[in-house]
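To start, the structure under review is shown below, and the notes come after it.
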Amino acid sequence: MAKSVATLSQDLVVSSTLADADTAQAVAKYLQLPFCSKIKPTDYVLIELARGWAIKLPYNAKPWFVDWQCYIDRSHHGKHLLWRACGFKQPNRLTVIDATAGWGCDACMLAMRAKQVVMIEQHKVIHWLLADSMQRLSEPFMERVRLVHADANVWLSTYKEPVDVIYLDPMYPERNKRALSHKGMQVAQFLVNSATDSFSLLNTALQVARYRVVVKRPIWAGALADNKPDFIYRGSRCRYDVYQVN
Ligand SMILES: C[S@@+](CC[C@H](N)C(=O)[O-])C[C@H]1O[C@@H](n2cnc3c(N)ncnc32)[C@H](O)[C@@H]1O
């Protein structure tokens, strides 16, 4: 049985490399995590560095930053499969909810083509890091992006606005070391229970979206909740299962 989100976060401590650690102490208080001025190599740390906030895993030299500017620079290249899966034939037409925002990488790509993107993230630390990274950006499309801290299952069931596309990227089922190769994913796997409520999330999304639900899956995994998609966009590392609504 996987540990709960709350239990895993309690292993995290907050620290700072800056001379003035007041901000870090305030962040620790807000996130209800212990502040620690001297960290050990075995610690999982939410750390304030000169470049911004990051998460450092034990014995991992490089900390993980949520870097929206890097996502933006990368997203400008290529015709993304995700855009096709969402049915973005023309830019700025469709409204999208990214119900599993995570580090916001996919949401950033969606925001470049969508009319509006609502990102929902349930985990307090991930949500906080995402918000912190977003507020440092001045890209014009950021005006169309909204971040919500909530359980998407609950939030969507009371959402009253029309939404065209709902995008889901639940934690991948654990399988082998390949899933651990990406540092952002390692950090997410430390923080988040991998087997959350993604089955009910798919059902809720299918009731709320008025055009499509798109689910990102590893190429080796079956369809989410064994629910056969209407069509599939296959990439080299992942695929997008598309459910047409209506
Ligand atoms: C694989 S990560 C998403 C990665 C994201 N697509 C990206 O580009 O960074 C899955 C995220 O979904 C979040 N999540 C899972 N179930 C959720 C729910 N019911 N409501 C909101 N967020 C959820 C997890 O906390 C985790 O951060």
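Ligands are numbered from 1 in the order shown, residues from 1 within each chain, and chains are lettered A, B, ... in the order they appear in the structure tokens.
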
I'd like to know which residues of range 191-230 of chain A are helix (DSSP H, G or I) (by DSSP, run on the backbone); could you write them as a ChimeraX atom specification? /A:191,198-208,224-226

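Where the distance criterion is 6 Å and the atoms used are only C-alpha atoms and all ligand atoms, the residues close to ligand 1 are Ala99, Thr100, Ala101, Gly102, Trp103, Gly104, Cys105, Asp106, Ile120, Glu121, Gln122, His123, Ala150, Asp151, Ala152, Asn153, Asp169, Pro170, Met171, Val192 and Thr196 of chain A.
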
In terms of the shortest atom-to-atom distance over only C-alpha atoms, which of A:Ala28, A:Leu49, A:Cys108, A:Ala205 is closest to Arg74 in chain A? A:Cys108

Name the residues of range 79-217 of chain A that come out as strand (DSSP E) in a backbone DSSP run; write them as an NGL selection string. :A and (95-98 or 116-121 or 145-149 or 163-168 or 209-217)

Would you kindly return, as JSON, numbers by chain, each protein, DNA or RNA residue with an atom no farther than 9 Å from any atom of His80 in chain A, considering only C-alpha atoms and excluding same-chain residues fewer than 5 positions away? {"A": [75, 85, 109]}

Create the file for the chosen residues now, containing N, CA and C atoms and written as a PDB file, in the first residue's frame.
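Heads up, here's the output in selection-v9.pdb:
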ATOM      1  N   SER A  75       9.291  24.653 -25.555  1.00  0.00           N
ATOM      2  CA  SER A  75       7.995  24.452 -26.200  1.00  0.00           C
ATOM      3  C   SER A  75       7.877  25.164 -27.536  1.00  0.00           C
ATOM      4  N   ALA A  85      -3.316  15.996 -29.968  1.00  0.00           N
ATOM      5  CA  ALA A  85      -4.206  15.156 -29.157  1.00  0.00           C
ATOM      6  C   ALA A  85      -5.353  15.993 -28.571  1.00  0.00           C
ATOM      7  N   MET A 109       2.933  24.032 -22.229  1.00  0.00           N
ATOM      8  CA  MET A 109       2.761  23.748 -23.658  1.00  0.00           C
ATOM      9  C   MET A 109       1.297  23.977 -24.076  1.00  0.00           C
TER      10      MET A 109
END

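Pairwise distance (CA of Thr158 in chain A, CA of Leu201 in chain A) equals 13.4 Å.
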
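When only C-alpha atoms are used to compute distances to Met185 in chain A, the closest of the residues A:Ile55, A:Val45, A:Ala114, A:Val245 turns out to be A:Ile55.
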
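Note that CA of Lys228 in chain A and CA of Arg210 in chain A are 18.3 Å apart.
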
If we count only C-alpha atoms, what is near Gly235 in chain A at a cut-off of 10 Å, once residues fewer than 4 positions away on the same chain are taken out, given as a PyMOL selection string? chain A and resi 80-82+218-219+239-240

Give me the residues within 8 Å of Asp241 in chain A as a PyMOL selection string, counting only C-alpha atoms and dropping any in the same chain fewer than 3 places off. chain A and resi 85+214-217+223+229-233

Which residues of range 21-91 of chain A come within 7 Å of range 126-147 of chain A, and what is each one's closest atom pair and distance in Å (one decimal), counting only C-alpha atoms, sorted by chain and residue number, as a Markdown table?
| residue | atom | partner | partner_atom | distance |
| --- | --- | --- | --- | --- |
| A:Val66 | CA | A:Ser133 | CA | 6.2 |
| A:Asp67 | CA | A:Ser133 | CA | 6.4 |
| A:Trp68 | CA | A:Ser133 | CA | 6.4 |

Keeping only C-alpha atoms, write the selected residues as a JSON list (two decimals), in the first residue's frame.
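Wrote part.json, looks like this:
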[["chain", "number", "residue", "atom", "x", "y", "z"],
["A", 66, "VAL", "CA", 10.57, 24.15, -11.47],
["A", 67, "ASP", "CA", 11.69, 26.26, -14.40],
["A", 68, "TRP", "CA", 8.89, 27.68, -16.51]]

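Using only C-alpha atoms, the nearest neighbour of Ala21 in chain A within the list A:Lys160, A:Lys38, A:Arg93, A:Lys62 is A:Lys38.
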
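Here CA of Trp53 in chain A and CA of Ser16 in chain A stand 8.9 Å from one another.
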
Would you list the contacts of Ile166 in chain A as a ChimeraX atom specification, taking every protein, DNA or RNA residue within 10 Å and counting only C-alpha atoms, but skipping same-chain residues closer than 5 positions in sequence? /A:86,95-100,117-118,156,202,204-206,208-215,243

Which residues come within 8 Å of Ala24 in chain A, counting only C-alpha atoms, excluding same-chain residues fewer than 4 positions away, as a PDB file with C-alpha atoms, in the first residue's frame?
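Everything below was put into selection.pdb:
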ATOM      1  CA  VAL A  14      13.026  23.296   4.517  1.00  0.00           C
ATOM      2  CA  SER A  15      16.430  24.939   4.411  1.00  0.00           C
ATOM      3  CA  SER A  16      18.265  27.857   2.860  1.00  0.00           C
ATOM      4  CA  ALA A  28       8.425  26.224   6.350  1.00  0.00           C
ATOM      5  CA  PHE A  35      12.982  24.262   9.142  1.00  0.00           C
ATOM      6  CA  ILE A  47      15.875  24.470  -0.366  1.00  0.00           C
ATOM      7  CA  GLU A  48      16.223  28.177  -1.105  1.00  0.00           C
TER       8      GLU A  48
END

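Distances to Ala19 in chain A were evaluated for A:Ile72, A:Ile39, A:Val163, A:Ala50 using only C-alpha atoms, and the minimum falls at A:Ala50.
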